[in-house]
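Asks: upload-v6.csv is the file, holding CSV, C-alpha atoms (C1' of nucleotides):
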```csv
chain,number,residue,atom,x,y,z
A,1,MET,CA,73.8,110.1,73.9
A,2,ASN,CA,73.8,107.7,71.0
A,3,ASN,CA,75.9,104.7,70.0
A,4,LEU,CA,78.1,106.8,67.7
A,5,ASP,CA,79.0,109.1,70.5
A,6,ALA,CA,80.0,106.3,72.8
A,7,LYS,CA,82.2,104.9,70.0
A,8,ASP,CA,84.1,108.2,69.9
A,9,ILE,CA,84.1,108.8,73.7
A,10,LEU,CA,85.1,105.4,75.1
A,11,PRO,CA,88.5,105.0,73.4
A,12,GLY,CA,89.3,108.6,74.3
A,13,ILE,CA,88.5,108.0,78.0
A,14,TYR,CA,90.8,105.0,77.9
A,15,SER,CA,93.8,106.8,76.5
A,16,ASN,CA,93.3,109.7,79.0
A,17,LEU,CA,93.0,107.4,81.9
A,18,LEU,CA,96.1,105.5,80.8
A,19,LYS,CA,98.0,108.7,80.4
A,20,CYS,CA,96.8,109.9,83.8
A,21,PHE,CA,97.3,106.7,85.9
A,22,GLY,CA,99.6,104.5,83.9
A,23,PRO,CA,99.2,100.7,83.5
A,24,GLN,CA,97.5,99.0,86.5
A,25,HIS,CA,99.1,95.6,86.0
A,26,TRP,CA,95.9,93.6,86.7
A,27,TRP,CA,95.0,91.1,87.9
A,28,PRO,CA,97.2,91.1,91.0
A,29,GLY,CA,97.4,87.4,91.3
A,30,GLU,CA,100.3,84.9,90.8
A,31,SER,CA,98.3,82.3,88.8
A,32,PRO,CA,94.9,82.0,87.0
A,33,PHE,CA,93.7,79.9,89.9
A,34,GLU,CA,94.6,82.6,92.4
A,35,VAL,CA,92.8,85.1,90.2
A,36,MET,CA,89.6,83.0,90.4
A,37,ILE,CA,89.9,82.8,94.2
A,38,GLY,CA,90.4,86.6,94.3
A,39,ALA,CA,87.4,87.2,92.1
A,40,ILE,CA,85.2,85.4,94.7
A,41,LEU,CA,86.8,86.9,97.7
A,42,THR,CA,86.7,90.5,96.4
A,43,GLN,CA,82.9,90.5,96.2
A,44,SER,CA,81.9,93.5,98.2
A,45,ALA,CA,85.2,93.6,99.9
A,46,SER,CA,88.3,95.7,99.7
A,47,TRP,CA,91.3,94.2,97.9
A,48,HIS,CA,93.4,94.8,101.0
A,49,ASN,CA,91.2,92.4,102.9
A,50,VAL,CA,91.3,89.9,100.1
A,51,GLU,CA,95.1,89.9,100.1
A,52,LEU,CA,95.0,89.0,103.8
A,53,SER,CA,92.8,86.0,103.0
A,54,ILE,CA,94.9,84.9,100.1
A,55,ALA,CA,98.0,85.1,102.3
A,56,ALA,CA,96.3,83.0,104.9
A,57,LEU,CA,95.3,80.4,102.3
A,58,LYS,CA,98.9,80.3,101.0
A,59,GLY,CA,100.4,80.1,104.5
A,60,ALA,CA,98.2,77.1,105.2
A,61,GLY,CA,99.2,75.5,102.0
A,62,LYS,CA,95.5,75.5,100.8
A,63,LEU,CA,95.7,77.6,97.7
A,64,THR,CA,95.1,74.8,95.3
A,65,PRO,CA,91.9,73.3,94.0
A,66,SER,CA,92.3,70.1,95.9
A,67,GLY,CA,93.6,72.0,99.0
A,68,LEU,CA,90.4,74.0,99.1
A,69,ARG,CA,88.1,71.1,98.4
A,70,GLU,CA,89.7,69.0,101.2
A,71,THR,CA,89.6,71.7,103.8
A,72,PRO,CA,86.5,71.6,106.1
A,73,LEU,CA,84.1,74.4,105.6
A,74,HIS,CA,84.6,76.0,109.0
A,75,GLU,CA,88.3,75.9,108.6
A,76,LEU,CA,88.1,77.5,105.2
A,77,ALA,CA,85.8,80.2,106.6
A,78,ALA,CA,88.4,81.0,109.2
A,79,LEU,CA,91.1,81.3,106.6
A,80,VAL,CA,89.1,83.8,104.5
A,81,HIS,CA,87.8,85.6,107.6
A,82,SER,CA,89.3,88.9,106.6
A,83,SER,CA,87.4,89.2,103.4
A,84,GLY,CA,84.1,89.4,105.2
A,85,TYR,CA,81.0,87.2,104.5
A,86,TYR,CA,83.4,84.4,105.3
A,87,ASN,CA,80.8,81.6,105.7
A,88,ALA,CA,79.2,82.5,102.5
A,89,LYS,CA,82.5,82.9,100.6
A,90,ALA,CA,83.8,79.6,102.0
A,91,LYS,CA,80.8,77.8,100.4
A,92,LYS,CA,81.4,79.7,97.1
A,93,LEU,CA,85.1,78.7,97.0
A,94,LYS,CA,84.0,75.1,97.5
A,95,ALA,CA,81.5,75.4,94.6
A,96,LEU,CA,84.2,76.9,92.4
A,97,THR,CA,86.7,74.1,93.2
A,98,ASP,CA,84.0,71.5,92.7
A,99,TRP,CA,83.4,72.9,89.2
A,100,LEU,CA,87.2,72.8,88.5
A,101,GLY,CA,87.2,69.2,89.8
A,102,SER,CA,84.8,68.2,87.0
A,103,TYR,CA,87.7,69.2,84.6
A,104,ALA,CA,90.3,67.3,86.7
A,105,ASP,CA,91.5,70.7,88.0
A,106,ASP,CA,92.8,71.6,84.6
A,107,LEU,CA,92.1,75.3,83.9
A,108,GLY,CA,93.0,75.0,80.3
A,109,THR,CA,90.3,72.4,79.8
A,110,ALA,CA,87.8,74.1,82.0
A,111,PHE,CA,88.1,77.3,80.0
A,112,THR,CA,87.9,75.6,76.6
A,113,GLY,CA,84.7,76.1,74.7
A,114,GLU,CA,82.5,78.6,73.0
A,115,LEU,CA,82.6,81.8,75.0
A,116,GLU,CA,79.0,82.5,75.6
A,117,SER,CA,78.1,79.0,76.7
A,118,LYS,CA,81.2,78.9,78.9
A,119,ARG,CA,80.1,82.2,80.5
A,120,ARG,CA,76.7,80.7,81.2
A,121,GLU,CA,78.3,77.6,82.6
A,122,ILE,CA,80.5,79.6,85.0
A,123,MET,CA,77.6,81.7,86.1
A,124,GLU,CA,75.8,78.5,87.1
A,125,ILE,CA,78.4,78.0,89.8
A,126,HIS,CA,77.1,79.0,93.2
A,127,GLY,CA,78.3,82.4,94.2
A,128,VAL,CA,79.4,83.4,90.7
A,129,GLY,CA,77.3,86.2,89.2
A,130,PRO,CA,78.0,88.1,86.0
A,131,GLU,CA,80.8,90.3,87.3
A,132,THR,CA,82.7,87.5,88.9
A,133,ALA,CA,82.2,85.3,85.9
A,134,ASP,CA,83.5,88.0,83.6
A,135,SER,CA,86.4,88.7,85.9
A,136,ILE,CA,87.4,85.1,85.7
A,137,LEU,CA,87.0,84.9,82.0
A,138,LEU,CA,89.0,88.1,81.3
A,139,TYR,CA,91.7,87.9,84.0
A,140,ALA,CA,92.1,84.1,84.4
A,141,ALA,CA,91.0,82.7,81.1
A,142,GLU,CA,92.1,85.7,79.0
A,143,LYS,CA,88.9,85.9,77.0
A,144,PRO,CA,87.7,89.2,75.6
A,145,VAL,CA,84.8,90.0,77.9
A,146,PHE,CA,84.4,93.4,79.4
A,147,VAL,CA,83.9,93.5,83.2
A,148,ILE,CA,81.2,95.8,84.6
A,149,ASP,CA,81.3,96.8,88.2
A,150,ALA,CA,79.9,99.5,90.4
A,151,TYR,CA,82.7,101.9,89.5
A,152,THR,CA,82.1,101.4,85.8
A,153,ARG,CA,78.4,102.1,86.1
A,154,ARG,CA,78.9,105.1,88.2
A,155,THR,CA,81.5,106.6,85.8
A,156,VAL,CA,79.4,105.9,82.8
A,157,GLY,CA,76.5,107.6,84.4
A,158,ARG,CA,78.5,110.6,85.2
A,159,ILE,CA,79.8,110.9,81.7
A,160,GLY,CA,76.2,110.8,80.5
A,161,ILE,CA,76.4,107.7,78.2
A,162,ALA,CA,74.5,105.3,80.5
A,163,PRO,CA,72.4,102.7,78.6
A,164,SER,CA,68.7,103.2,78.7
A,165,GLU,CA,68.3,99.8,80.4
A,166,ASP,CA,70.0,99.7,83.8
A,167,THR,CA,71.3,96.1,83.6
A,168,TYR,CA,74.7,94.5,83.7
A,169,ASP,CA,74.3,93.2,80.1
A,170,ALA,CA,73.3,96.6,78.8
A,171,TYR,CA,76.4,98.2,80.3
A,172,GLN,CA,78.6,95.4,79.0
A,173,GLN,CA,77.1,95.8,75.5
A,174,LEU,CA,77.9,99.6,75.7
A,175,PHE,CA,81.6,98.8,76.0
A,176,MET,CA,81.8,95.6,73.8
A,177,SER,CA,79.9,97.0,70.9
A,178,ASN,CA,82.1,100.1,70.9
A,179,LEU,CA,85.5,98.7,71.6
A,180,LEU,CA,87.7,96.2,69.8
A,181,PRO,CA,87.6,92.8,71.6
A,182,VAL,CA,91.2,92.8,72.7
A,183,VAL,CA,92.1,91.1,76.0
A,184,PRO,CA,94.9,93.5,77.1
A,185,TYR,CA,92.7,96.4,76.2
A,186,TYR,CA,89.7,95.2,78.2
A,187,ASN,CA,92.1,94.2,81.0
A,188,GLU,CA,93.6,97.6,81.3
A,189,TYR,CA,90.4,99.6,80.7
A,190,HIS,CA,88.5,97.9,83.6
A,191,ALA,CA,91.4,98.3,85.9
A,192,LEU,CA,91.7,102.0,85.0
A,193,LEU,CA,88.0,102.5,85.7
A,194,VAL,CA,88.4,101.0,89.1
A,195,LYS,CA,91.4,103.2,89.7
A,196,LEU,CA,89.4,106.3,88.7
A,197,GLY,CA,86.5,105.2,90.9
A,198,LYS,CA,88.8,105.0,93.9
A,199,GLU,CA,90.4,108.3,93.2
A,200,ILE,CA,87.5,110.6,92.6
A,201,CYS,CA,85.0,111.7,95.1
A,202,ARG,CA,81.6,109.9,95.4
A,203,LYS,CA,79.5,112.9,94.4
A,204,THR,CA,80.3,113.8,90.9
A,205,PRO,CA,83.7,114.1,89.2
A,206,LEU,CA,82.6,117.3,87.4
A,207,CYS,CA,81.3,119.0,90.5
A,208,GLY,CA,84.5,121.0,90.9
A,209,THR,CA,84.4,120.7,94.6
A,210,CYS,CA,86.3,117.4,95.1
A,211,CYS,CA,90.0,117.4,95.7
A,212,THR,CA,90.7,115.5,92.5
A,213,ARG,CA,89.4,118.0,90.0
A,214,GLU,CA,92.6,117.6,88.0
A,215,LEU,CA,92.0,113.8,87.7
A,216,CYS,CA,88.5,114.5,86.6
A,217,SER,CA,89.6,116.7,83.8
A,218,HIS,CA,92.4,114.4,82.7
A,219,GLY,CA,90.4,111.2,83.1
A,220,ILE,CA,86.9,112.1,81.9
A,221,SER,CA,86.1,115.6,80.8
A,222,ALA,CA,89.2,115.8,78.5
A,223,ALA,CA,87.8,112.8,76.6
A,224,MET,CA,84.4,114.4,76.0
B,1,DG,C1',80.2,105.5,115.1
B,2,DG,C1',79.1,105.3,110.3
B,3,DC,C1',80.2,104.5,105.7
B,4,DC,C1',82.2,101.9,102.1
B,5,DA,C1',84.7,98.3,99.5
B,6,DG,C1',86.7,95.4,92.5
B,7,DG,C1',78.5,91.0,94.6
B,8,DA,C1',75.5,87.3,94.8
B,9,DC,C1',71.7,84.8,96.6
B,10,DA,C1',67.3,83.8,99.0
B,11,DC,C1',62.9,85.1,99.8
B,12,DC,C1',58.6,87.5,99.2
B,13,DA,C1',54.8,90.0,97.0
C,1,DT,C1',59.9,90.0,87.6
C,2,DG,C1',61.5,93.4,90.8
C,3,DG,C1',62.5,94.9,95.4
C,4,DT,C1',64.6,93.9,99.9
C,5,DG,C1',67.2,91.6,103.4
C,6,DT,C1',71.3,88.9,104.4
C,7,DC,C1',76.0,87.8,104.4
C,8,DA,C1',80.5,90.6,107.7
C,9,DT,C1',85.4,92.3,108.0
C,10,DG,C1',88.8,96.1,108.1
C,11,DG,C1',90.2,100.9,107.0
C,12,DC,C1',89.2,105.7,106.9
```
If you convert what's in this file into structure tokens, what do you get?
Replies:
Amino acid sequence: MNNLDAKDILPGIYSNLLKCFGPQHWWPGESPFEVMIGAILTQSASWHNVELSIAALKGAGKLTPSGLRETPLHELAALVHSSGYYNAKAKKLKALTDWLGSYADDLGTAFTGELESKRREIMEIHGVGPETADSILLYAAEKPVFVIDAYTRRTVGRIGIAPSEDTYDAYQQLFMSNLLPVVPYYNEYHALLVKLGKEICRKTPLCGTCCTRELCSHGISAAM
DNA sequence: GGCCAGGACACCA
DNA sequence: TGGTGTCATGGC
């Protein structure tokens, strides 16, 4: 599979997924700050469990940068208990709000700057790796970066256009070098890939044995 | 009872 | 540099 093929295939997959599933209305958060918190909490956790944590934070009146900073670590851990890894995630939330504090909790200022250097800066925050950083940049800062997650890698592999190098950056380049850098486009595309990943069976979408064969043909094979 | 979910970090060879 | 263990709840 060469680059030219991906340039043809990737837009087609998008339009088919959109046709099949409709708009996903991501990110499901009420503010950019809430999006950032959700990006940390959803690490290796189901969104349902994250929603429980966000509701707990809201209920306690802690869903603000200063609110999280001023909450003792053990108390914060209890509030995000439902998301799993609660001790680790409480520390990560602290690190994130400490970083925001260096910009006087002004997200507009925090997100201002050259994109690549800003991405590196955000990835230096404890607990923020490439996927979380890109989720924050795309869904909270509205910057044109494509988010790569396990679903995306799995789907790309099944389609047969996986990059030769099995790294986050290689997968990201596959999308960003073949798609126009438009924020709503990247937003919807990633959300649709997650939706597809949740719908199809874990073996292979083209196996013909899973209960979602129709989705497979609409979402993937029809685009090939 | 086991597997998995919108990852990242620490440690070791 | 790459591989492995750890962090951990809730739903199916």
Asks: Define the interface residues of chain A facing chain B as those within 7 Å, counting all atoms listed in the file, and report them as a PDB file with C-alpha atoms, keeping the file's coordinate frame.
Replies:
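Generated file (result18.pdb):
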```pdb
ATOM      1  CA  THR A  42      86.700  90.500  96.400  1.00  0.00           C
ATOM      2  CA  GLN A  43      82.900  90.500  96.200  1.00  0.00           C
ATOM      3  CA  SER A  44      81.900  93.500  98.200  1.00  0.00           C
ATOM      4  CA  ALA A  45      85.200  93.600  99.900  1.00  0.00           C
ATOM      5  CA  SER A  46      88.300  95.700  99.700  1.00  0.00           C
ATOM      6  CA  GLY A 127      78.300  82.400  94.200  1.00  0.00           C
ATOM      7  CA  VAL A 128      79.400  83.400  90.700  1.00  0.00           C
ATOM      8  CA  GLY A 129      77.300  86.200  89.200  1.00  0.00           C
ATOM      9  CA  VAL A 194      88.400 101.000  89.100  1.00  0.00           C
TER      10      VAL A 194
END
```
Asks: Go ahead and compute the interatomic distance for atom CA of Asp105 of chain A and atom CA of Val182 of chain A, in Å to one decimal.
Replies: 26.9 Å
Asks: If we count only C-alpha atoms (C1' of nucleotides), which residues of chain C reach to within 10 Å of chain A? Please list them as a list in words.
Replies: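 That gives the following set of residues: DT6, DC7, DA8, DT9, DG10 and DG11 of chain C.
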Asks: Pick out the residues sitting within 10 Å of Ala78 of chain A, and hand them over as JSON, numbers by chain; count all atoms listed in the file, and ignore anything fewer than 5 positions along from it in its own chain.
Replies: {"A": [53, 56, 57, 73, 86, 87, 90]}
Asks: State, in Å with one decimal place, the distance from atom CA of Lys7 of chain A to atom CA of Val147 of chain A.
Replies: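 Computing it gives 17.5 Å between the two atoms.
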Asks: Interatomic distance between atom C1' of DG3 of chain C and atom CA of Phe175 of chain A?
Replies: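 Atom CA of Phe175 of chain A lies 27.5 Å from atom C1' of DG3 of chain C.
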